[in-house]
file upload_10.cif (mmCIF, C-alpha atoms)
data_entry
loop_
_atom_site.label_atom_id
_atom_site.label_comp_id
_atom_site.auth_asym_id
_atom_site.auth_seq_id
_atom_site.Cartn_x
_atom_site.Cartn_y
_atom_site.Cartn_z
CA ASP A 8 13.11 -28.54 42.63
CA LEU A 9 14.59 -25.07 42.92
CA LYS A 10 14.80 -25.23 46.71
CA GLU A 11 16.81 -28.46 46.58
CA PHE A 12 19.03 -27.02 43.88
CA ARG A 13 19.73 -23.86 45.87
CA GLU A 14 20.63 -25.93 48.91
CA GLN A 15 23.55 -27.33 46.92
CA PHE A 16 25.15 -23.88 47.08
CA LEU A 17 26.06 -22.55 50.50
CA VAL A 18 26.42 -19.02 49.18
CA THR A 19 22.64 -18.79 48.69
CA GLN A 20 22.16 -19.14 52.44
CA GLU A 21 24.14 -15.98 53.09
CA VAL A 22 23.53 -13.56 50.23
CA ALA A 23 21.41 -12.90 47.17
CA TYR A 24 23.93 -14.30 44.74
CA LEU A 25 24.19 -12.57 41.37
CA ASN A 26 26.42 -14.53 39.00
CA HIS A 27 28.71 -12.09 37.19
CA ALA A 28 30.49 -14.80 35.15
CA ALA A 29 33.72 -14.64 37.12
CA THR A 30 34.34 -17.52 39.53
CA ALA A 31 31.36 -19.77 40.21
CA PRO A 32 30.56 -21.10 43.68
CA LEU A 33 31.09 -24.84 44.06
CA ALA A 34 28.08 -27.06 44.63
CA ASN A 35 28.19 -29.33 47.66
CA ARG A 36 28.37 -32.43 45.47
CA THR A 37 31.28 -30.92 43.51
CA ALA A 38 33.19 -30.15 46.69
CA GLU A 39 32.47 -33.67 47.95
CA ALA A 40 33.75 -35.23 44.72
CA MET A 41 36.93 -33.15 44.97
CA HIS A 42 37.35 -34.26 48.57
CA ASP A 43 37.00 -37.90 47.48
CA ILE A 44 39.76 -37.43 44.91
CA VAL A 45 42.05 -35.86 47.51
CA GLU A 46 41.43 -38.81 49.81
CA ASP A 47 42.25 -41.20 46.96
CA LEU A 48 45.49 -39.33 46.28
CA ARG A 49 46.51 -39.90 49.89
CA LYS A 50 46.53 -43.61 49.09
CA GLY A 51 49.27 -43.19 46.50
CA ASP A 52 49.37 -45.68 43.63
CA ARG A 53 46.28 -47.45 44.91
CA SER A 54 44.19 -44.51 43.67
CA PHE A 55 45.53 -44.67 40.11
CA GLU A 56 42.82 -46.95 38.76
CA VAL A 57 40.05 -44.80 40.24
CA ARG A 58 41.43 -41.64 38.68
CA GLN A 59 42.21 -43.36 35.38
CA ASN A 60 38.55 -44.34 34.99
CA LEU A 61 37.40 -40.75 35.48
CA THR A 62 39.18 -39.47 32.38
CA PRO A 63 37.21 -41.25 29.62
CA ASP A 64 33.92 -40.47 31.36
CA LEU A 65 34.81 -36.79 31.56
CA ARG A 66 35.92 -36.71 27.92
CA GLU A 67 32.62 -38.21 26.84
CA ALA A 68 30.62 -35.77 28.98
CA ILE A 69 32.45 -32.83 27.40
CA ARG A 70 32.04 -34.32 23.93
CA GLN A 71 28.29 -34.38 24.45
CA LEU A 72 28.27 -30.85 25.88
CA ILE A 73 29.92 -29.30 22.83
CA ASN A 74 28.97 -31.96 20.23
CA ALA A 75 32.55 -32.87 19.38
CA ARG A 76 32.93 -35.76 16.94
CA LYS A 77 34.67 -38.11 19.36
CA PRO A 78 36.00 -38.09 22.95
CA GLU A 79 39.61 -38.25 21.73
CA GLU A 80 39.26 -34.68 20.51
CA ILE A 81 39.07 -33.47 24.12
CA ALA A 82 42.37 -32.41 25.71
CA PHE A 83 42.82 -31.32 29.32
CA THR A 84 44.83 -28.19 30.11
CA GLN A 85 45.37 -25.96 33.13
CA ASN A 86 42.89 -23.31 31.98
CA THR A 87 41.57 -21.44 28.95
CA ALA A 88 44.69 -19.29 28.57
CA HIS A 89 46.94 -22.35 28.67
CA ALA A 90 44.86 -24.00 25.96
CA LEU A 91 44.97 -20.95 23.69
CA ASN A 92 48.73 -20.63 24.13
CA ILE A 93 49.18 -24.26 23.15
CA VAL A 94 47.13 -23.66 20.01
CA ALA A 95 48.96 -20.47 19.06
CA HIS A 96 52.32 -22.20 19.30
CA SER A 97 51.21 -25.44 17.63
CA LEU A 98 49.61 -24.24 14.41
CA PRO A 99 51.97 -24.26 11.39
CA LEU A 100 52.08 -20.48 11.01
CA LYS A 101 54.90 -18.75 9.18
CA SER A 102 56.12 -15.28 8.32
CA GLY A 103 53.60 -13.41 6.19
CA ASP A 104 50.57 -15.18 7.66
CA ASN A 105 48.04 -13.19 9.66
CA ILE A 106 45.62 -13.73 12.54
CA VAL A 107 42.41 -11.71 12.89
CA PHE A 108 40.52 -10.86 16.10
CA THR A 109 38.69 -7.91 17.63
CA ASN A 110 40.17 -5.44 20.08
CA MET A 111 37.53 -6.53 22.59
CA GLU A 112 39.03 -10.00 23.03
CA TYR A 113 40.14 -11.14 26.47
CA PRO A 114 43.96 -10.87 26.72
CA ALA A 115 44.33 -14.67 26.75
CA ASN A 116 42.89 -14.73 23.23
CA ALA A 117 44.93 -11.77 22.02
CA TYR A 118 48.47 -11.80 23.43
CA PRO A 119 49.38 -15.32 22.24
CA TRP A 120 48.57 -14.26 18.68
CA MET A 121 50.32 -10.90 19.03
CA ASN A 122 53.39 -12.68 20.39
CA LEU A 123 53.72 -14.49 17.06
CA GLY A 124 54.85 -11.19 15.58
CA LYS A 125 58.36 -12.31 16.53
CA LYS A 126 57.98 -14.96 13.82
CA GLY A 127 56.66 -12.49 11.27
CA VAL A 128 53.01 -13.44 11.80
CA GLU A 129 50.77 -10.37 11.70
CA ALA A 130 48.01 -9.78 14.24
CA ARG A 131 45.19 -7.87 12.59
CA ILE A 132 42.98 -6.30 15.23
CA VAL A 133 39.45 -5.38 14.22
CA PRO A 134 37.93 -2.40 16.08
CA HIS A 135 34.87 -3.63 17.95
CA ARG A 136 31.40 -2.40 17.12
CA GLU A 137 28.83 -2.26 19.91
CA GLY A 138 31.21 -4.36 22.03
CA GLY A 139 31.78 -7.26 19.69
CA LEU A 140 32.84 -8.59 16.31
CA TYR A 141 30.56 -8.14 13.33
CA LEU A 142 31.00 -10.38 10.32
CA SER A 143 30.93 -7.42 7.94
CA ASP A 144 33.82 -5.80 9.84
CA LEU A 145 35.77 -9.06 9.97
CA SER A 146 35.64 -9.53 6.20
CA GLU A 147 37.51 -6.26 5.67
CA TYR A 148 40.56 -7.60 7.52
CA VAL A 149 40.75 -11.09 6.00
CA ASP A 150 42.80 -11.95 2.93
CA ASP A 151 44.42 -15.00 1.34
CA ARG A 152 47.15 -15.04 4.03
CA THR A 153 44.69 -15.16 6.93
CA ARG A 154 45.25 -18.44 8.72
CA VAL A 155 43.27 -17.95 11.95
CA VAL A 156 40.23 -16.04 13.15
CA ALA A 157 40.04 -15.94 16.96
CA ALA A 158 36.83 -14.97 18.73
CA SER A 159 34.90 -15.44 21.96
CA THR A 160 31.38 -16.77 22.13
CA VAL A 161 30.62 -13.88 24.50
CA GLU A 162 32.97 -10.94 25.02
CA PHE A 163 34.17 -10.73 28.62
CA LEU A 164 33.93 -6.96 29.04
CA THR A 165 30.68 -6.14 27.26
CA GLY A 166 28.62 -9.34 27.25
CA PHE A 167 28.31 -9.05 23.47
CA LYS A 168 27.31 -12.40 21.98
CA ASN A 169 29.26 -12.90 18.77
CA ASP A 170 27.55 -14.65 15.86
CA VAL A 171 29.74 -17.74 16.17
CA PRO A 172 27.83 -19.86 13.61
CA ALA A 173 28.14 -17.14 10.95
CA ILE A 174 31.82 -16.51 11.67
CA GLY A 175 32.47 -20.25 11.61
CA GLU A 176 30.81 -20.63 8.23
CA PHE A 177 32.79 -17.65 6.94
CA CYS A 178 36.03 -19.34 8.04
CA ARG A 179 35.03 -22.74 6.67
CA GLN A 180 34.38 -21.32 3.21
CA ARG A 181 37.87 -19.78 3.16
CA GLY A 182 39.84 -22.59 4.80
CA ILE A 183 40.63 -20.45 7.86
CA THR A 184 41.15 -22.06 11.27
CA PHE A 185 38.46 -20.85 13.68
CA VAL A 186 39.65 -20.66 17.31
CA VAL A 187 36.99 -19.91 19.91
CA ASP A 188 37.22 -18.93 23.57
CA GLY A 189 33.99 -20.30 25.01
CA ILE A 190 34.49 -19.76 28.73
CA GLN A 191 32.01 -16.89 29.04
CA SER A 192 29.07 -19.00 27.85
CA LEU A 193 29.86 -22.72 27.91
CA GLY A 194 27.56 -24.37 30.41
CA ALA A 195 24.99 -21.56 30.29
CA ALA A 196 24.20 -21.49 26.57
CA PRO A 197 24.17 -24.33 24.04
CA LEU A 198 27.19 -24.59 21.76
CA ASP A 199 27.52 -27.03 18.87
CA ALA A 200 31.15 -27.08 17.80
CA GLN A 201 30.43 -28.99 14.60
CA ALA A 202 27.48 -26.85 13.51
CA CYS A 203 29.52 -23.70 14.20
CA HIS A 204 32.54 -25.09 12.28
CA ILE A 205 34.77 -24.50 15.30
CA ASP A 206 38.24 -26.00 14.81
CA VAL A 207 39.49 -25.33 18.35
CA LEU A 208 37.33 -24.54 21.37
CA ALA A 209 39.00 -23.51 24.63
CA ALA A 210 37.21 -23.15 27.96
CA GLY A 211 37.76 -23.61 31.67
CA ALA A 212 35.60 -25.09 34.40
CA LEU A 213 35.42 -22.21 36.87
CA LYS A 214 32.62 -20.14 35.33
CA TRP A 215 29.30 -21.45 33.99
CA MET A 216 30.41 -25.08 34.23
CA MET A 217 30.67 -24.41 37.96
CA GLY A 218 33.82 -26.39 38.57
CA PRO A 219 37.14 -25.56 40.20
CA ALA A 220 39.92 -23.41 38.78
CA GLY A 221 42.90 -25.24 37.37
CA ILE A 222 41.29 -27.33 34.63
CA GLY A 223 40.54 -26.35 31.05
#
call {"tool": "encode", "arguments": {"input": "upload_10.cif", "output": "structure tokens"}}
result
Amino acid sequence: DLKEFREQFLVTQEVAYLNHAATAPLANRTAEAMHDIVEDLRKGDRSFEVRQNLTPDLREAIRQLINARKPEEIAFTQNTAHALNIVAHSLPLKSGDNIVFTNMEYPANAYPWMNLGKKGVEARIVPHREGGLYLSDLSEYVDDRTRVVAASTVEFLTGFKNDVPAIGEFCRQRGITFVVDGIQSLGAAPLDAQACHIDVLAAGALKWMMGPAGIG
């Protein structure tokens, strides 16, 4: 029922809303659920059990959304950038290793890798073609010291949809860690992390998953 669905979003009563993949409007039921949590927090320790039970349910819902192997693979962060920074500083990278990504990547999926230059890790930046990363271009920058390929499902500036399954297979065959920023498509387009051979997928709730900022 499209009418009932639209009524969940107050913004549709005021304007012709065109989603530009920035910050999504909250649905009424989302705002109500957030309000309920705030009210529980006002109760102090008495709300702990309620909030504790939400976590496994949310992990399982996300597992199903991205087809992760098990709920324990899901970690909660502040946002996409926070998640990518954690990954960049957690992988066992050393001097002489290199990371490959396109020059069209969102800064949150570029600067953490570039910052590793202080440790002698090289950031190899592939010039974009038509706004995205082509597998044929990527292969020219990868060698036996490439440890990570970082890419977005959809590039933030151009809307270019990268061929994530093909890039993932390319990385799998070479033992390269594939790190994906999925915030520009997750919730709007299907994404199978296992089928795409994604090792790390980072995303936040505030875009197509239509949740609040502050959770990734």
call {"tool": "atom_distance", "arguments": {"input": "upload_10.cif", "atom1": "CA of Ala23 (chain A)", "atom2": "CA of Glu11 (chain A)"}}
result
16.2 Å
call {"tool": "residues_around", "arguments": {"input": "upload_10.cif", "residues": "region 30-36 of chain A", "least_positions_apart": "4", "cutoff": "9 Å", "atoms": "all atoms listed in the file", "output": "MDAnalysis selection string"}}
result
chainID A and resid 14:18 26 40:41 212:220
call {"tool": "atom_distance", "arguments": {"input": "upload_10.cif", "atom1": "CA of Leu61 (chain A)", "atom2": "CA of Ile44 (chain A)"}}
result
10.3 Å
call {"tool": "residues_around", "arguments": {"input": "upload_10.cif", "residues": "Tyr118 (chain A)", "least_positions_apart": "4", "cutoff": "10 Å", "atoms": "all atoms listed in the file", "output": "list in words"}}
result
Ala88, Leu91, Asn92, Ala95, Glu112, Tyr113, Pro114, Asn122, Leu123 and Ala130 of chain A
call {"tool": "closest_residue", "arguments": {"input": "upload_10.cif", "among": "A:Glu39, A:Glu137, A:Asp47, A:Glu67", "to": "Glu162 (chain A)", "atoms": "all atoms listed in the file"}}
result
A:Glu137
call {"tool": "atom_distance", "arguments": {"input": "upload_10.cif", "atom1": "CA of Ile183 (chain A)", "atom2": "CA of Ala68 (chain A)"}}
result
27.9 Å
call {"tool": "resolve_selection", "arguments": {"input": "upload_10.cif", "expression": "the PyMOL selection byres ((chain A and resi 152) around 12)", "output": "PDB file with C-alpha atoms, in the coordinates of the input"}}
result
ATOM      1  CA  LEU A 100      52.080 -20.480  11.010  1.00  0.00           C
ATOM      2  CA  LYS A 101      54.900 -18.750   9.180  1.00  0.00           C
ATOM      3  CA  SER A 102      56.120 -15.280   8.320  1.00  0.00           C
ATOM      4  CA  GLY A 103      53.600 -13.410   6.190  1.00  0.00           C
ATOM      5  CA  ASP A 104      50.570 -15.180   7.660  1.00  0.00           C
ATOM      6  CA  ASN A 105      48.040 -13.190   9.660  1.00  0.00           C
ATOM      7  CA  ILE A 106      45.620 -13.730  12.540  1.00  0.00           C
ATOM      8  CA  VAL A 107      42.410 -11.710  12.890  1.00  0.00           C
ATOM      9  CA  VAL A 128      53.010 -13.440  11.800  1.00  0.00           C
ATOM     10  CA  GLU A 129      50.770 -10.370  11.700  1.00  0.00           C
ATOM     11  CA  ALA A 130      48.010  -9.780  14.240  1.00  0.00           C
ATOM     12  CA  ARG A 131      45.190  -7.870  12.590  1.00  0.00           C
ATOM     13  CA  TYR A 148      40.560  -7.600   7.520  1.00  0.00           C
ATOM     14  CA  VAL A 149      40.750 -11.090   6.000  1.00  0.00           C
ATOM     15  CA  ASP A 150      42.800 -11.950   2.930  1.00  0.00           C
ATOM     16  CA  ASP A 151      44.420 -15.000   1.340  1.00  0.00           C
ATOM     17  CA  THR A 153      44.690 -15.160   6.930  1.00  0.00           C
ATOM     18  CA  ARG A 154      45.250 -18.440   8.720  1.00  0.00           C
ATOM     19  CA  VAL A 155      43.270 -17.950  11.950  1.00  0.00           C
ATOM     20  CA  VAL A 156      40.230 -16.040  13.150  1.00  0.00           C
ATOM     21  CA  ARG A 181      37.870 -19.780   3.160  1.00  0.00           C
ATOM     22  CA  GLY A 182      39.840 -22.590   4.800  1.00  0.00           C
ATOM     23  CA  ILE A 183      40.630 -20.450   7.860  1.00  0.00           C
ATOM     24  CA  THR A 184      41.150 -22.060  11.270  1.00  0.00           C
TER      25      THR A 184
END
call {"tool": "closest_residue", "arguments": {"input": "upload_10.cif", "among": "A:Ala75, A:Pro197, A:Ile174, A:Trp120", "to": "Ser97 (chain A)", "atoms": "only C-alpha atoms"}}
result
A:Trp120
call {"tool": "residues_around", "arguments": {"input": "upload_10.cif", "residues": "Phe167 (chain A)", "least_positions_apart": "3", "cutoff": "9 Å", "atoms": "only C-alpha atoms", "output": "list of chain:residue names"}}
result
A:Glu137, A:Gly138, A:Gly139, A:Leu140, A:Thr160, A:Val161, A:Glu162, A:Phe163, A:Leu164
